[in-house]
>>> print(open('run_19.pdb').read())   # PDB, C-alpha atoms
MODEL        1
ATOM      1  CA  MET A 230      52.609 109.928  42.019  1.00  0.00           C
ATOM      2  CA  THR A 231      51.088 111.090  38.734  1.00  0.00           C
ATOM      3  CA  ASP A 232      53.880 113.651  38.300  1.00  0.00           C
ATOM      4  CA  THR A 233      56.492 110.914  38.688  1.00  0.00           C
ATOM      5  CA  ILE A 234      54.801 108.720  36.095  1.00  0.00           C
ATOM      6  CA  MET A 235      54.492 111.612  33.632  1.00  0.00           C
ATOM      7  CA  LYS A 236      58.149 112.543  34.185  1.00  0.00           C
ATOM      8  CA  LEU A 237      59.222 108.964  33.419  1.00  0.00           C
ATOM      9  CA  LEU A 238      57.032 108.778  30.323  1.00  0.00           C
ATOM     10  CA  THR A 239      58.290 112.077  28.913  1.00  0.00           C
ATOM     11  CA  ASP A 240      61.971 111.795  29.906  1.00  0.00           C
ATOM     12  CA  PRO A 241      64.031 110.798  26.841  1.00  0.00           C
ATOM     13  CA  LEU A 242      66.918 109.548  28.993  1.00  0.00           C
ATOM     14  CA  HIS A 243      64.561 107.108  30.694  1.00  0.00           C
ATOM     15  CA  TRP A 244      63.613 105.681  27.296  1.00  0.00           C
ATOM     16  CA  VAL A 245      67.276 105.427  26.273  1.00  0.00           C
ATOM     17  CA  GLY A 246      67.885 103.464  29.468  1.00  0.00           C
ATOM     18  CA  TRP A 247      65.037 101.075  28.693  1.00  0.00           C
ATOM     19  CA  VAL A 248      66.350 100.553  25.167  1.00  0.00           C
ATOM     20  CA  LEU A 249      69.838  99.790  26.527  1.00  0.00           C
ATOM     21  CA  THR A 250      68.481  97.318  29.069  1.00  0.00           C
ATOM     22  CA  THR A 251      66.188  95.593  26.585  1.00  0.00           C
ATOM     23  CA  GLY A 252      68.936  95.424  23.950  1.00  0.00           C
ATOM     24  CA  ALA A 253      71.393  93.934  26.430  1.00  0.00           C
ATOM     25  CA  ILE A 254      68.885  91.305  27.572  1.00  0.00           C
ATOM     26  CA  VAL A 255      67.960  90.292  24.035  1.00  0.00           C
ATOM     27  CA  GLY A 256      71.619  90.308  22.963  1.00  0.00           C
ATOM     28  CA  VAL A 257      72.852  88.128  25.824  1.00  0.00           C
ATOM     29  CA  PHE A 258      70.071  85.577  25.444  1.00  0.00           C
ATOM     30  CA  HIS A 259      70.686  85.526  21.678  1.00  0.00           C
ATOM     31  CA  LEU A 260      74.415  84.914  22.195  1.00  0.00           C
ATOM     32  CA  LEU A 261      73.798  82.132  24.733  1.00  0.00           C
ATOM     33  CA  LYS A 262      71.492  80.227  22.388  1.00  0.00           C
ATOM     34  CA  VAL A 263      68.571  78.223  23.731  1.00  0.00           C
ATOM     35  CA  HIS A 264      70.572  75.040  24.513  1.00  0.00           C
ATOM     36  CA  CYS A 265      72.425  76.837  27.346  1.00  0.00           C
ATOM     37  CA  LEU A 266      69.219  77.711  29.156  1.00  0.00           C
ATOM     38  CA  HIS A 267      67.617  74.367  30.027  1.00  0.00           C
ATOM     39  CA  THR A 268      67.124  75.215  33.688  1.00  0.00           C
ATOM     40  CA  PRO A 269      64.735  78.067  34.585  1.00  0.00           C
ATOM     41  CA  ILE A 270      67.028  79.240  37.406  1.00  0.00           C
ATOM     42  CA  TYR A 271      69.672  80.130  34.797  1.00  0.00           C
ATOM     43  CA  ASN A 272      67.137  82.321  33.014  1.00  0.00           C
ATOM     44  CA  VAL A 273      66.327  84.184  36.228  1.00  0.00           C
ATOM     45  CA  LEU A 274      69.959  84.590  37.301  1.00  0.00           C
ATOM     46  CA  ILE A 275      71.089  85.784  33.880  1.00  0.00           C
ATOM     47  CA  LEU A 276      68.166  88.196  33.566  1.00  0.00           C
ATOM     48  CA  LEU A 277      68.721  89.698  37.022  1.00  0.00           C
ATOM     49  CA  GLY A 278      72.457  89.937  36.402  1.00  0.00           C
ATOM     50  CA  ILE A 279      71.953  91.810  33.131  1.00  0.00           C
ATOM     51  CA  ILE A 280      69.456  94.197  34.692  1.00  0.00           C
ATOM     52  CA  VAL A 281      71.777  94.975  37.621  1.00  0.00           C
ATOM     53  CA  VAL A 282      74.819  95.570  35.399  1.00  0.00           C
ATOM     54  CA  ILE A 283      72.914  97.798  32.965  1.00  0.00           C
ATOM     55  CA  ASP A 284      71.247  99.677  35.831  1.00  0.00           C
ATOM     56  CA  VAL A 285      74.630 100.402  37.427  1.00  0.00           C
ATOM     57  CA  LEU A 286      75.982 101.599  34.079  1.00  0.00           C
ATOM     58  CA  LYS A 287      72.923 103.830  33.539  1.00  0.00           C
ATOM     59  CA  HIS A 288      73.483 105.437  36.939  1.00  0.00           C
ATOM     60  CA  LYS A 289      77.198 105.971  36.187  1.00  0.00           C
ATOM     61  CA  ILE A 290      76.444 107.799  32.914  1.00  0.00           C
ATOM     62  CA  ASN A 291      73.495 109.686  34.472  1.00  0.00           C
ATOM     63  CA  LEU A 292      70.687 108.097  32.489  1.00  0.00           C
ATOM     64  CA  GLN A 293      68.744 107.637  35.745  1.00  0.00           C
TER      65      GLN A 293
ENDMDL
END
>>> encode(input="run_19.pdb", output="structure tokens")
Amino acid sequence: MTDTIMKLLTDPLHWVGWVLTTGAIVGVFHLLKVHCLHTPIYNVLILLGIIVVIDVLKHKINLQ
């Protein structure tokens, strides 16, 4: 367990993946503006959708 955590913390590709995911989330919510997100379910659906898409892309380019 500790080895896995240390590998994740020291793996530069893992950090690149987190930066890509975080950037995509911030970018999409910025582009949608606040007025499009009145209902909390939209926030959850959009967030999960972004995470899934970015995660699939990270696996395709071997970042994870």
>>> resolve_selection(input="run_19.pdb", expression="the PyMOL selection byres ((chain A and resi 281-292) around 6)", output="list of chain:residue names")
A:Leu242, A:Thr250, A:Gly278, A:Ile279, A:Ile280, A:Gln293
>>> atom_distance(input="run_19.pdb", atom1="atom CA of A:Thr231", atom2="atom CA of A:Thr251")
24.8 Å
>>> resolve_selection(input="run_19.pdb", expression="the PyMOL selection byres ((chain A and resi 257) around 12)", output="VMD selection string")
chain A and resid 250 to 256 258 to 263 265 to 266 272 275 to 276 278 to 280
>>> atom_distance(input="run_19.pdb", atom1="atom CA of A:Trp247", atom2="atom CA of A:Tyr271")
22.3 Å
>>> atom_distance(input="run_19.pdb", atom1="atom CA of A:Trp244", atom2="atom CA of A:Leu274")
24.2 Å
>>> residues_around(input="run_19.pdb", residues="A:Ile234", least_positions_apart="5", cutoff="12 Å", atoms="all atoms listed in the file", output="list in words")
Thr239, Asp240 and His243 of chain A
